[in-house]
file my_file06.tsv (TSV, N, CA and C atoms)
chain	number	residue	atom	x	y	z
A	1	MET	N	16.42	9.70	11.88
A	1	MET	CA	15.42	8.97	12.62
A	1	MET	C	15.07	7.70	11.85
A	2	MET	N	15.03	6.58	12.54
A	2	MET	CA	14.70	5.30	11.92
A	2	MET	C	13.19	5.09	11.90
A	3	ASN	N	12.72	4.48	10.84
A	3	ASN	CA	11.32	4.13	10.71
A	3	ASN	C	11.23	2.62	10.59
A	4	TYR	N	10.80	1.96	11.66
A	4	TYR	CA	10.70	0.50	11.65
A	4	TYR	C	9.47	0.10	10.87
A	5	LEU	N	9.67	-0.68	9.84
A	5	LEU	CA	8.58	-1.12	9.00
A	5	LEU	C	8.02	-2.45	9.45
A	6	LEU	N	8.91	-3.33	9.91
A	6	LEU	CA	8.48	-4.68	10.24
A	6	LEU	C	9.47	-5.29	11.22
A	7	THR	N	8.96	-5.89	12.27
A	7	THR	CA	9.77	-6.63	13.23
A	7	THR	C	9.13	-8.00	13.40
A	8	LEU	N	9.92	-9.04	13.17
A	8	LEU	CA	9.42	-10.41	13.25
A	8	LEU	C	10.35	-11.26	14.08
A	9	ASP	N	9.80	-12.21	14.80
A	9	ASP	CA	10.67	-13.15	15.51
A	9	ASP	C	10.81	-14.42	14.68
A	10	ALA	N	11.91	-15.12	14.85
A	10	ALA	CA	12.24	-16.29	14.03
A	10	ALA	C	11.17	-17.37	14.11
A	11	LEU	N	10.64	-17.63	15.30
A	11	LEU	CA	9.64	-18.68	15.45
A	11	LEU	C	8.36	-18.37	14.68
A	12	SER	N	7.91	-17.12	14.73
A	12	SER	CA	6.67	-16.78	14.02
A	12	SER	C	6.85	-16.90	12.50
A	13	ILE	N	8.03	-16.57	12.01
A	13	ILE	CA	8.28	-16.71	10.57
A	13	ILE	C	8.32	-18.19	10.19
A	14	ALA	N	9.07	-18.97	10.96
A	14	ALA	CA	9.25	-20.39	10.62
A	14	ALA	C	7.96	-21.19	10.77
A	15	SER	N	7.08	-20.79	11.66
A	15	SER	CA	5.89	-21.60	11.93
A	15	SER	C	4.62	-21.10	11.24
A	16	SER	N	4.66	-19.97	10.58
A	16	SER	CA	3.44	-19.45	9.96
A	16	SER	C	3.35	-19.84	8.49
A	17	LYS	N	2.13	-19.89	8.00
A	17	LYS	CA	1.88	-20.21	6.59
A	17	LYS	C	2.01	-18.97	5.72
A	18	GLN	N	1.75	-17.80	6.33
A	18	GLN	CA	1.74	-16.57	5.55
A	18	GLN	C	2.07	-15.38	6.42
A	19	LEU	N	2.34	-14.27	5.75
A	19	LEU	CA	2.64	-13.02	6.42
A	19	LEU	C	1.87	-11.92	5.72
A	20	SER	N	1.30	-11.01	6.48
A	20	SER	CA	0.47	-9.95	5.94
A	20	SER	C	1.22	-8.63	5.93
A	21	PHE	N	1.12	-7.91	4.80
A	21	PHE	CA	1.72	-6.59	4.65
A	21	PHE	C	0.59	-5.58	4.42
A	22	PRO	N	0.28	-4.74	5.42
A	22	PRO	CA	-0.82	-3.79	5.28
A	22	PRO	C	-0.48	-2.65	4.30
A	23	LEU	N	-1.43	-2.35	3.44
A	23	LEU	CA	-1.32	-1.26	2.48
A	23	LEU	C	-2.47	-0.29	2.68
A	24	THR	N	-2.20	1.00	2.47
A	24	THR	CA	-3.26	2.00	2.45
A	24	THR	C	-3.21	2.72	1.11
A	25	LEU	N	-4.35	2.78	0.47
A	25	LEU	CA	-4.49	3.51	-0.78
A	25	LEU	C	-5.39	4.71	-0.50
A	26	THR	N	-4.92	5.91	-0.78
A	26	THR	CA	-5.67	7.13	-0.54
A	26	THR	C	-5.89	7.84	-1.87
A	27	CYS	N	-7.14	8.12	-2.19
A	27	CYS	CA	-7.47	8.75	-3.47
A	27	CYS	C	-8.34	9.97	-3.24
A	28	CYS	N	-7.89	11.12	-3.74
A	28	CYS	CA	-8.65	12.37	-3.65
A	28	CYS	C	-9.19	12.70	-5.03
A	29	GLN	N	-10.48	12.99	-5.12
A	29	GLN	CA	-11.14	13.32	-6.39
A	29	GLN	C	-12.23	14.35	-6.13
A	30	ARG	N	-12.92	14.74	-7.22
A	30	ARG	CA	-13.99	15.74	-7.09
A	30	ARG	C	-15.28	15.16	-6.51
A	31	ASP	N	-15.45	13.82	-6.67
A	31	ASP	CA	-16.63	13.17	-6.09
A	31	ASP	C	-16.28	11.71	-5.76
A	32	PHE	N	-17.13	11.09	-4.99
A	32	PHE	CA	-16.87	9.72	-4.53
A	32	PHE	C	-16.89	8.70	-5.66
A	33	HIS	N	-17.73	8.92	-6.67
A	33	HIS	CA	-17.78	8.00	-7.80
A	33	HIS	C	-16.41	7.94	-8.50
A	34	HIS	N	-15.82	9.10	-8.76
A	34	HIS	CA	-14.51	9.13	-9.41
A	34	HIS	C	-13.43	8.55	-8.49
A	35	ALA	N	-13.52	8.82	-7.22
A	35	ALA	CA	-12.54	8.26	-6.26
A	35	ALA	C	-12.62	6.74	-6.25
A	36	LEU	N	-13.84	6.21	-6.24
A	36	LEU	CA	-14.02	4.76	-6.23
A	36	LEU	C	-13.55	4.13	-7.54
A	37	THR	N	-13.88	4.75	-8.67
A	37	THR	CA	-13.47	4.22	-9.97
A	37	THR	C	-11.95	4.21	-10.09
A	38	THR	N	-11.31	5.30	-9.70
A	38	THR	CA	-9.84	5.38	-9.74
A	38	THR	C	-9.21	4.35	-8.81
A	39	THR	N	-9.77	4.22	-7.63
A	39	THR	CA	-9.25	3.25	-6.66
A	39	THR	C	-9.36	1.84	-7.21
A	40	TRP	N	-10.50	1.51	-7.82
A	40	TRP	CA	-10.70	0.17	-8.37
A	40	TRP	C	-9.69	-0.12	-9.47
A	41	GLN	N	-9.38	0.88	-10.30
A	41	GLN	CA	-8.39	0.71	-11.36
A	41	GLN	C	-7.01	0.44	-10.77
A	42	ILE	N	-6.66	1.15	-9.72
A	42	ILE	CA	-5.36	0.96	-9.08
A	42	ILE	C	-5.29	-0.41	-8.42
A	43	VAL	N	-6.37	-0.83	-7.76
A	43	VAL	CA	-6.41	-2.16	-7.14
A	43	VAL	C	-6.22	-3.24	-8.21
A	44	SER	N	-6.87	-3.08	-9.35
A	44	SER	CA	-6.72	-4.05	-10.44
A	44	SER	C	-5.28	-4.09	-10.94
A	45	THR	N	-4.66	-2.93	-11.07
A	45	THR	CA	-3.26	-2.85	-11.50
A	45	THR	C	-2.35	-3.52	-10.48
A	46	LEU	N	-2.60	-3.25	-9.20
A	46	LEU	CA	-1.80	-3.87	-8.14
A	46	LEU	C	-1.94	-5.39	-8.18
A	47	ARG	N	-3.15	-5.88	-8.34
A	47	ARG	CA	-3.39	-7.33	-8.36
A	47	ARG	C	-2.62	-7.98	-9.52
A	48	ARG	N	-2.68	-7.38	-10.70
A	48	ARG	CA	-1.95	-7.92	-11.86
A	48	ARG	C	-0.45	-7.89	-11.61
A	49	SER	N	0.03	-6.80	-11.06
A	49	SER	CA	1.47	-6.66	-10.79
A	49	SER	C	1.95	-7.68	-9.77
A	50	LEU	N	1.19	-7.87	-8.70
A	50	LEU	CA	1.56	-8.85	-7.68
A	50	LEU	C	1.55	-10.27	-8.24
A	51	GLY	N	0.58	-10.55	-9.10
A	51	GLY	CA	0.49	-11.87	-9.71
A	51	GLY	C	1.67	-12.16	-10.63
A	52	GLY	N	2.24	-11.12	-11.19
A	52	GLY	CA	3.37	-11.29	-12.10
A	52	GLY	C	4.73	-11.27	-11.43
A	53	PHE	N	4.77	-10.94	-10.15
A	53	PHE	CA	6.05	-10.87	-9.44
A	53	PHE	C	6.45	-12.26	-8.97
A	54	ASP	N	7.66	-12.65	-9.30
A	54	ASP	CA	8.17	-13.97	-8.94
A	54	ASP	C	8.95	-13.88	-7.64
A	55	VAL	N	8.25	-14.05	-6.53
A	55	VAL	CA	8.91	-14.04	-5.22
A	55	VAL	C	9.40	-15.47	-4.95
A	56	MET	N	10.66	-15.58	-4.63
A	56	MET	CA	11.20	-16.91	-4.33
A	56	MET	C	10.64	-17.41	-3.01
A	57	HIS	N	10.30	-18.67	-2.95
A	57	HIS	CA	9.84	-19.35	-1.73
A	57	HIS	C	8.47	-18.88	-1.26
A	58	GLY	N	7.65	-18.39	-2.21
A	58	GLY	CA	6.31	-17.98	-1.84
A	58	GLY	C	5.58	-17.33	-3.00
A	59	LYS	N	4.38	-16.82	-2.70
A	59	LYS	CA	3.62	-16.07	-3.70
A	59	LYS	C	2.87	-14.95	-3.00
A	60	LEU	N	2.55	-13.90	-3.77
A	60	LEU	CA	1.88	-12.73	-3.24
A	60	LEU	C	0.44	-12.66	-3.72
A	61	LEU	N	-0.46	-12.31	-2.80
A	61	LEU	CA	-1.88	-12.15	-3.12
A	61	LEU	C	-2.39	-10.87	-2.48
A	62	LEU	N	-3.20	-10.13	-3.22
A	62	LEU	CA	-3.89	-8.97	-2.67
A	62	LEU	C	-5.23	-9.45	-2.13
A	63	ALA	N	-5.67	-8.89	-1.03
A	63	ALA	CA	-6.96	-9.28	-0.45
A	63	ALA	C	-8.03	-9.25	-1.52
A	64	ASP	N	-8.92	-10.21	-1.46
A	64	ASP	CA	-9.94	-10.39	-2.49
A	64	ASP	C	-11.14	-9.50	-2.21
A	65	PHE	N	-11.55	-8.71	-3.23
A	65	PHE	CA	-12.74	-7.87	-3.12
A	65	PHE	C	-13.91	-8.42	-3.93
A	66	ASN	N	-13.73	-9.60	-4.54
A	66	ASN	CA	-14.79	-10.17	-5.38
A	66	ASN	C	-15.43	-11.39	-4.74
A	67	GLU	N	-14.61	-12.32	-4.29
A	67	GLU	CA	-15.10	-13.57	-3.71
A	67	GLU	C	-14.44	-13.74	-2.35
A	68	ASP	N	-14.98	-14.58	-1.55
A	68	ASP	CA	-14.40	-14.88	-0.23
A	68	ASP	C	-14.09	-13.61	0.56
A	69	ILE	N	-15.01	-12.66	0.53
A	69	ILE	CA	-14.80	-11.40	1.25
A	69	ILE	C	-14.91	-11.65	2.74
A	70	SER	N	-13.96	-11.09	3.47
A	70	SER	CA	-13.96	-11.19	4.93
A	70	SER	C	-13.65	-9.81	5.50
A	71	ALA	N	-13.70	-9.69	6.81
A	71	ALA	CA	-13.39	-8.41	7.46
A	71	ALA	C	-11.95	-7.98	7.15
A	72	GLU	N	-11.07	-8.96	6.92
A	72	GLU	CA	-9.67	-8.66	6.64
A	72	GLU	C	-9.44	-8.21	5.20
A	73	SER	N	-10.47	-8.33	4.35
A	73	SER	CA	-10.32	-7.95	2.94
A	73	SER	C	-10.00	-6.47	2.80
A	74	GLY	N	-10.59	-5.64	3.64
A	74	GLY	CA	-10.31	-4.21	3.55
A	74	GLY	C	-11.26	-3.38	4.37
A	75	GLN	N	-10.83	-2.14	4.56
A	75	GLN	CA	-11.65	-1.16	5.25
A	75	GLN	C	-11.70	0.08	4.36
A	76	PHE	N	-12.88	0.67	4.21
A	76	PHE	CA	-13.08	1.80	3.32
A	76	PHE	C	-13.55	3.00	4.13
A	77	THR	N	-12.87	4.13	3.97
A	77	THR	CA	-13.22	5.35	4.69
A	77	THR	C	-13.48	6.46	3.67
A	78	PHE	N	-14.68	7.04	3.70
A	78	PHE	CA	-15.08	8.13	2.81
A	78	PHE	C	-15.05	9.42	3.61
A	79	GLN	N	-14.35	10.45	3.07
A	79	GLN	CA	-14.23	11.72	3.79
A	79	GLN	C	-14.48	12.89	2.84
A	80	CYS	N	-15.03	13.97	3.37
A	80	CYS	CA	-15.15	15.23	2.64
A	80	CYS	C	-14.02	16.15	3.13
A	81	LEU	N	-13.29	16.72	2.19
A	81	LEU	CA	-12.16	17.58	2.52
A	81	LEU	C	-12.59	19.05	2.50
A	82	ALA	N	-11.84	19.89	3.17
A	82	ALA	CA	-12.17	21.30	3.30
A	82	ALA	C	-12.19	22.02	1.95
A	83	ASP	N	-11.40	21.57	0.99
A	83	ASP	CA	-11.33	22.25	-0.31
A	83	ASP	C	-12.43	21.80	-1.27
A	84	GLY	N	-13.39	21.01	-0.80
A	84	GLY	CA	-14.50	20.57	-1.62
A	84	GLY	C	-14.28	19.22	-2.28
A	85	GLN	N	-13.06	18.74	-2.25
A	85	GLN	CA	-12.81	17.42	-2.80
A	85	GLN	C	-13.21	16.36	-1.78
A	86	VAL	N	-13.21	15.12	-2.25
A	86	VAL	CA	-13.50	14.00	-1.36
A	86	VAL	C	-12.30	13.08	-1.35
A	87	GLN	N	-12.22	12.26	-0.32
A	87	GLN	CA	-11.10	11.33	-0.18
A	87	GLN	C	-11.63	9.95	0.18
A	88	LEU	N	-11.10	8.96	-0.52
A	88	LEU	CA	-11.41	7.56	-0.22
A	88	LEU	C	-10.13	6.89	0.23
A	89	ASP	N	-10.14	6.33	1.43
A	89	ASP	CA	-9.01	5.57	1.96
A	89	ASP	C	-9.39	4.11	1.98
A	90	VAL	N	-8.53	3.28	1.40
A	90	VAL	CA	-8.75	1.84	1.41
A	90	VAL	C	-7.57	1.20	2.12
A	91	GLN	N	-7.86	0.48	3.19
A	91	GLN	CA	-6.82	-0.27	3.89
A	91	GLN	C	-7.03	-1.74	3.58
A	92	SER	N	-5.97	-2.35	3.07
A	92	SER	CA	-6.04	-3.75	2.68
A	92	SER	C	-4.72	-4.43	3.01
A	93	ASN	N	-4.57	-5.66	2.55
A	93	ASN	CA	-3.36	-6.43	2.86
A	93	ASN	C	-2.87	-7.17	1.64
A	94	VAL	N	-1.54	-7.25	1.54
A	94	VAL	CA	-0.90	-8.16	0.60
A	94	VAL	C	-0.43	-9.34	1.44
A	95	GLN	N	-0.81	-10.54	1.02
A	95	GLN	CA	-0.42	-11.74	1.74
A	95	GLN	C	0.76	-12.40	1.03
A	96	LEU	N	1.80	-12.69	1.79
A	96	LEU	CA	2.90	-13.50	1.30
A	96	LEU	C	2.64	-14.91	1.81
A	97	ILE	N	2.34	-15.82	0.89
A	97	ILE	CA	2.08	-17.22	1.24
A	97	ILE	C	3.41	-17.96	1.05
A	98	PHE	N	3.94	-18.49	2.15
A	98	PHE	CA	5.24	-19.17	2.09
A	98	PHE	C	5.11	-20.55	1.46
A	99	ASP	N	6.15	-20.96	0.73
A	99	ASP	CA	6.23	-22.35	0.27
A	99	ASP	C	6.24	-23.25	1.50
A	100	PHE	N	5.59	-24.38	1.40
A	100	PHE	CA	5.36	-25.26	2.55
A	100	PHE	C	6.62	-25.63	3.30
A	101	GLN	N	7.67	-26.05	2.63
A	101	GLN	CA	8.87	-26.54	3.32
A	101	GLN	C	10.03	-25.56	3.26
A	102	SER	N	9.75	-24.28	3.09
A	102	SER	CA	10.85	-23.31	3.04
A	102	SER	C	11.46	-23.12	4.43
A	103	THR	N	12.76	-22.91	4.44
A	103	THR	CA	13.50	-22.73	5.70
A	103	THR	C	13.33	-21.29	6.20
A	104	LEU	N	13.80	-21.03	7.39
A	104	LEU	CA	13.74	-19.68	7.96
A	104	LEU	C	14.43	-18.68	7.03
A	105	TRP	N	15.63	-19.00	6.56
A	105	TRP	CA	16.38	-18.07	5.72
A	105	TRP	C	15.70	-17.87	4.37
A	106	GLN	N	15.10	-18.90	3.83
A	106	GLN	CA	14.36	-18.75	2.58
A	106	GLN	C	13.14	-17.86	2.79
A	107	ARG	N	12.49	-18.01	3.92
A	107	ARG	CA	11.33	-17.16	4.22
A	107	ARG	C	11.77	-15.71	4.44
A	108	LEU	N	12.90	-15.52	5.10
A	108	LEU	CA	13.42	-14.16	5.27
A	108	LEU	C	13.78	-13.54	3.92
A	109	GLU	N	14.29	-14.35	3.01
A	109	GLU	CA	14.56	-13.88	1.66
A	109	GLU	C	13.27	-13.46	0.98
A	110	ALA	N	12.21	-14.24	1.14
A	110	ALA	CA	10.92	-13.90	0.56
A	110	ALA	C	10.37	-12.61	1.17
A	111	VAL	N	10.53	-12.45	2.49
A	111	VAL	CA	10.07	-11.23	3.16
A	111	VAL	C	10.82	-10.01	2.64
A	112	SER	N	12.14	-10.11	2.56
A	112	SER	CA	12.94	-8.95	2.13
A	112	SER	C	12.66	-8.59	0.67
A	113	SER	N	12.53	-9.57	-0.21
A	113	SER	CA	12.23	-9.24	-1.61
A	113	SER	C	10.81	-8.68	-1.74
A	114	THR	N	9.88	-9.16	-0.92
A	114	THR	CA	8.52	-8.63	-0.93
A	114	THR	C	8.50	-7.18	-0.46
A	115	LEU	N	9.22	-6.88	0.61
A	115	LEU	CA	9.28	-5.49	1.10
A	115	LEU	C	9.88	-4.57	0.04
A	116	ASP	N	10.98	-4.99	-0.59
A	116	ASP	CA	11.59	-4.18	-1.65
A	116	ASP	C	10.61	-3.94	-2.79
A	117	TYR	N	9.94	-5.00	-3.20
A	117	TYR	CA	9.00	-4.91	-4.31
A	117	TYR	C	7.82	-4.00	-3.96
A	118	LEU	N	7.24	-4.17	-2.77
A	118	LEU	CA	6.09	-3.36	-2.38
A	118	LEU	C	6.45	-1.89	-2.25
A	119	GLN	N	7.62	-1.59	-1.71
A	119	GLN	CA	8.04	-0.19	-1.60
A	119	GLN	C	8.19	0.43	-2.99
A	120	GLN	N	8.79	-0.32	-3.91
A	120	GLN	CA	8.95	0.16	-5.28
A	120	GLN	C	7.59	0.33	-5.95
A	121	LEU	N	6.71	-0.62	-5.77
A	121	LEU	CA	5.38	-0.57	-6.35
A	121	LEU	C	4.59	0.64	-5.83
A	122	CYS	N	4.69	0.90	-4.54
A	122	CYS	CA	4.01	2.06	-3.94
A	122	CYS	C	4.50	3.35	-4.57
A	123	GLN	N	5.80	3.47	-4.78
A	123	GLN	CA	6.35	4.68	-5.39
A	123	GLN	C	5.90	4.83	-6.84
A	124	LEU	N	5.91	3.73	-7.59
A	124	LEU	CA	5.55	3.78	-9.01
A	124	LEU	C	4.07	4.05	-9.23
A	125	GLN	N	3.21	3.55	-8.38
A	125	GLN	CA	1.77	3.67	-8.57
A	125	GLN	C	1.18	4.93	-7.95
A	126	SER	N	1.93	5.61	-7.10
A	126	SER	CA	1.41	6.81	-6.44
A	126	SER	C	1.47	8.01	-7.38
A	127	THR	N	0.43	8.84	-7.31
A	127	THR	CA	0.36	10.07	-8.10
A	127	THR	C	0.02	11.21	-7.15
A	128	GLU	N	-0.19	12.38	-7.72
A	128	GLU	CA	-0.55	13.54	-6.89
A	128	GLU	C	-1.90	13.33	-6.20
A	129	LEU	N	-2.84	12.67	-6.91
A	129	LEU	CA	-4.18	12.48	-6.36
A	129	LEU	C	-4.39	11.15	-5.65
A	130	CYS	N	-3.52	10.18	-5.92
A	130	CYS	CA	-3.67	8.86	-5.31
A	130	CYS	C	-2.33	8.39	-4.78
A	131	ARG	N	-2.32	8.00	-3.52
A	131	ARG	CA	-1.09	7.53	-2.89
A	131	ARG	C	-1.29	6.12	-2.36
A	132	ILE	N	-0.22	5.33	-2.47
A	132	ILE	CA	-0.23	3.99	-1.90
A	132	ILE	C	0.92	3.93	-0.92
A	133	ALA	N	0.66	3.43	0.27
A	133	ALA	CA	1.69	3.36	1.31
A	133	ALA	C	1.69	2.00	1.98
A	134	LEU	N	2.87	1.52	2.27
A	134	LEU	CA	3.07	0.29	3.03
A	134	LEU	C	3.08	0.71	4.50
A	135	ASN	N	2.26	0.07	5.31
A	135	ASN	CA	2.10	0.45	6.72
A	135	ASN	C	2.77	-0.54	7.66
A	136	ASN	N	2.99	-0.09	8.87
A	136	ASN	CA	3.44	-1.00	9.92
A	136	ASN	C	2.29	-1.90	10.31
A	137	PRO	N	2.55	-3.20	10.47
A	137	PRO	CA	1.45	-4.11	10.87
A	137	PRO	C	1.01	-3.85	12.29
call {"tool": "encode", "arguments": {"input": "my_file06.tsv", "output": "structure tokens"}}
result
Amino acid sequence: MMNYLLTLDALSIASSKQLSFPLTLTCCQRDFHHALTTTWQIVSTLRRSLGGFDVMHGKLLLADFNEDISAESGQFTFQCLADGQVQLDVQSNVQLIFDFQSTLWQRLEAVSSTLDYLQQLCQLQSTELCRIALNNP
């Protein structure tokens, strides 16, 4: 069975300034304070990692939780689980900002390297208690 992660048309890629990649971070802990603290540490690690990744024909940014906060910055869901633990789900976005004069093929190269990097990052940063997943937009 195929799992479509992203479908884009050529015109939208060529004419847009940026592309958004939705991420969900799910953290289960004994209480909400620990879930939030762990989540914040993972977000900080993700931000540093994205800043250090050299994507050709663009740059990657994680939605800002400190300044310039908007509705698109993230959504936070707090849940109580049946086993007594709690779960914090954070939905956010990684933005790929395209170089101004990059061609369609250069932008597709940036998209493909970003997808590869984000999938690898999600696998490396996920643990038994905290998972990071790349979502369909």
call {"tool": "residues_around", "arguments": {"input": "my_file06.tsv", "residues": "Asp54 (chain A)", "least_positions_apart": "5", "cutoff": "12 Å", "atoms": "only C-alpha atoms", "output": "MDAnalysis selection string"}}
result
chainID A and resid 49 59:61 96 110 113:114 117
call {"tool": "atom_distance", "arguments": {"input": "my_file06.tsv", "atom1": "CA of Arg131 (chain A)", "atom2": "CA of Cys27 (chain A)"}}
result
6.5 Å
call {"tool": "closest_residue", "arguments": {"input": "my_file06.tsv", "among": "A:Val90, A:Leu104, A:Gln95, A:Glu109", "to": "Cys28 (chain A)", "atoms": "only C-alpha atoms"}}
result
A:Val90
call {"tool": "atom_distance", "arguments": {"input": "my_file06.tsv", "atom1": "CA of Arg107 (chain A)", "atom2": "atom N of Phe21 (chain A)"}}
result
13.8 Å
call {"tool": "select_by_dssp", "arguments": {"input": "my_file06.tsv", "residues": "region 21-125 of chain A", "states": "strand (DSSP E or B)", "output": "PyMOL selection string"}}
result
chain A and resi 21-29+58-62+75-80+86-98
call {"tool": "residues_near_point", "arguments": {"input": "my_file06.tsv", "point": "(5.2, 5.9, -1.9)", "cutoff": "12 Å", "atoms": "only C-alpha atoms", "output": "list in words"}}
result
Leu23, Thr24, Leu25, Thr26, Asp116, Tyr117, Leu118, Gln119, Gln120, Leu121, Cys122, Gln123, Leu124, Gln125, Ser126, Thr127, Glu128, Cys130, Arg131, Ile132, Ala133, Leu134 and Asn135 of chain A
call {"tool": "write_last_selection", "arguments": {"input": "my_file06.tsv", "atoms": "N, CA and C atoms", "output": "PDB file, keeping the file's coordinate frame"}}
result
ATOM      1  N   LEU A  23      -1.430  -2.350   3.440  1.00  0.00           N
ATOM      2  CA  LEU A  23      -1.320  -1.260   2.480  1.00  0.00           C
ATOM      3  C   LEU A  23      -2.470  -0.290   2.680  1.00  0.00           C
ATOM      4  N   THR A  24      -2.200   1.000   2.470  1.00  0.00           N
ATOM      5  CA  THR A  24      -3.260   2.000   2.450  1.00  0.00           C
ATOM      6  C   THR A  24      -3.210   2.720   1.110  1.00  0.00           C
ATOM      7  N   LEU A  25      -4.350   2.780   0.470  1.00  0.00           N
ATOM      8  CA  LEU A  25      -4.490   3.510  -0.780  1.00  0.00           C
ATOM      9  C   LEU A  25      -5.390   4.710  -0.500  1.00  0.00           C
ATOM     10  N   THR A  26      -4.920   5.910  -0.780  1.00  0.00           N
ATOM     11  CA  THR A  26      -5.670   7.130  -0.540  1.00  0.00           C
ATOM     12  C   THR A  26      -5.890   7.840  -1.870  1.00  0.00           C
ATOM     13  N   ASP A 116      10.980  -4.990  -0.590  1.00  0.00           N
ATOM     14  CA  ASP A 116      11.590  -4.180  -1.650  1.00  0.00           C
ATOM     15  C   ASP A 116      10.610  -3.940  -2.790  1.00  0.00           C
ATOM     16  N   TYR A 117       9.940  -5.000  -3.200  1.00  0.00           N
ATOM     17  CA  TYR A 117       9.000  -4.910  -4.310  1.00  0.00           C
ATOM     18  C   TYR A 117       7.820  -4.000  -3.960  1.00  0.00           C
ATOM     19  N   LEU A 118       7.240  -4.170  -2.770  1.00  0.00           N
ATOM     20  CA  LEU A 118       6.090  -3.360  -2.380  1.00  0.00           C
ATOM     21  C   LEU A 118       6.450  -1.890  -2.250  1.00  0.00           C
ATOM     22  N   GLN A 119       7.620  -1.590  -1.710  1.00  0.00           N
ATOM     23  CA  GLN A 119       8.040  -0.190  -1.600  1.00  0.00           C
ATOM     24  C   GLN A 119       8.190   0.430  -2.990  1.00  0.00           C
ATOM     25  N   GLN A 120       8.790  -0.320  -3.910  1.00  0.00           N
ATOM     26  CA  GLN A 120       8.950   0.160  -5.280  1.00  0.00           C
ATOM     27  C   GLN A 120       7.590   0.330  -5.950  1.00  0.00           C
ATOM     28  N   LEU A 121       6.710  -0.620  -5.770  1.00  0.00           N
ATOM     29  CA  LEU A 121       5.380  -0.570  -6.350  1.00  0.00           C
ATOM     30  C   LEU A 121       4.590   0.640  -5.830  1.00  0.00           C
ATOM     31  N   CYS A 122       4.690   0.900  -4.540  1.00  0.00           N
ATOM     32  CA  CYS A 122       4.010   2.060  -3.940  1.00  0.00           C
ATOM     33  C   CYS A 122       4.500   3.350  -4.570  1.00  0.00           C
ATOM     34  N   GLN A 123       5.800   3.470  -4.780  1.00  0.00           N
ATOM     35  CA  GLN A 123       6.350   4.680  -5.390  1.00  0.00           C
ATOM     36  C   GLN A 123       5.900   4.830  -6.840  1.00  0.00           C
ATOM     37  N   LEU A 124       5.910   3.730  -7.590  1.00  0.00           N
ATOM     38  CA  LEU A 124       5.550   3.780  -9.010  1.00  0.00           C
ATOM     39  C   LEU A 124       4.070   4.050  -9.230  1.00  0.00           C
ATOM     40  N   GLN A 125       3.210   3.550  -8.380  1.00  0.00           N
ATOM     41  CA  GLN A 125       1.770   3.670  -8.570  1.00  0.00           C
ATOM     42  C   GLN A 125       1.180   4.930  -7.950  1.00  0.00           C
ATOM     43  N   SER A 126       1.930   5.610  -7.100  1.00  0.00           N
ATOM     44  CA  SER A 126       1.410   6.810  -6.440  1.00  0.00           C
ATOM     45  C   SER A 126       1.470   8.010  -7.380  1.00  0.00           C
ATOM     46  N   THR A 127       0.430   8.840  -7.310  1.00  0.00           N
ATOM     47  CA  THR A 127       0.360  10.070  -8.100  1.00  0.00           C
ATOM     48  C   THR A 127       0.020  11.210  -7.150  1.00  0.00           C
ATOM     49  N   GLU A 128      -0.190  12.380  -7.720  1.00  0.00           N
ATOM     50  CA  GLU A 128      -0.550  13.540  -6.890  1.00  0.00           C
ATOM     51  C   GLU A 128      -1.900  13.330  -6.200  1.00  0.00           C
ATOM     52  N   CYS A 130      -3.520  10.180  -5.920  1.00  0.00           N
ATOM     53  CA  CYS A 130      -3.670   8.860  -5.310  1.00  0.00           C
ATOM     54  C   CYS A 130      -2.330   8.390  -4.780  1.00  0.00           C
ATOM     55  N   ARG A 131      -2.320   8.000  -3.520  1.00  0.00           N
ATOM     56  CA  ARG A 131      -1.090   7.530  -2.890  1.00  0.00           C
ATOM     57  C   ARG A 131      -1.290   6.120  -2.360  1.00  0.00           C
ATOM     58  N   ILE A 132      -0.220   5.330  -2.470  1.00  0.00           N
ATOM     59  CA  ILE A 132      -0.230   3.990  -1.900  1.00  0.00           C
ATOM     60  C   ILE A 132       0.920   3.930  -0.920  1.00  0.00           C
ATOM     61  N   ALA A 133       0.660   3.430   0.270  1.00  0.00           N
ATOM     62  CA  ALA A 133       1.690   3.360   1.310  1.00  0.00           C
ATOM     63  C   ALA A 133       1.690   2.000   1.980  1.00  0.00           C
ATOM     64  N   LEU A 134       2.870   1.520   2.270  1.00  0.00           N
ATOM     65  CA  LEU A 134       3.070   0.290   3.030  1.00  0.00           C
ATOM     66  C   LEU A 134       3.080   0.710   4.500  1.00  0.00           C
ATOM     67  N   ASN A 135       2.260   0.070   5.310  1.00  0.00           N
ATOM     68  CA  ASN A 135       2.100   0.450   6.720  1.00  0.00           C
ATOM     69  C   ASN A 135       2.770  -0.540   7.660  1.00  0.00           C
TER      70      ASN A 135
END
call {"tool": "atom_distance", "arguments": {"input": "my_file06.tsv", "atom1": "atom N of Gly84 (chain A)", "atom2": "atom N of Gln29 (chain A)"}}
result
9.6 Å
call {"tool": "closest_residue", "arguments": {"input": "my_file06.tsv", "among": "A:Asn136, A:Gln41, A:Asn93, A:Thr77", "to": "Asp64 (chain A)", "atoms": "only N, CA and C atoms"}}
result
A:Asn93
call {"tool": "select_by_dssp", "arguments": {"input": "my_file06.tsv", "residues": "chain A", "states": "alpha helix (DSSP H)", "output": "PyMOL selection string"}}
result
chain A and resi 10-15+32-52+104-125
call {"tool": "closest_residue", "arguments": {"input": "my_file06.tsv", "among": "A:Leu50, A:Ile42, A:Leu115, A:Met56", "to": "Phe98 (chain A)", "atoms": "only C-alpha atoms"}}
result
A:Met56
call {"tool": "closest_residue", "arguments": {"input": "my_file06.tsv", "among": "A:Phe32, A:His57, A:Trp40, A:Leu62", "to": "Trp105 (chain A)", "atoms": "only C-alpha atoms"}}
result
A:His57
call {"tool": "closest_residue", "arguments": {"input": "my_file06.tsv", "among": "A:Leu19, A:Gly58, A:Val43, A:Arg48", "to": "Thr103 (chain A)", "atoms": "only C-alpha atoms"}}
result
A:Gly58
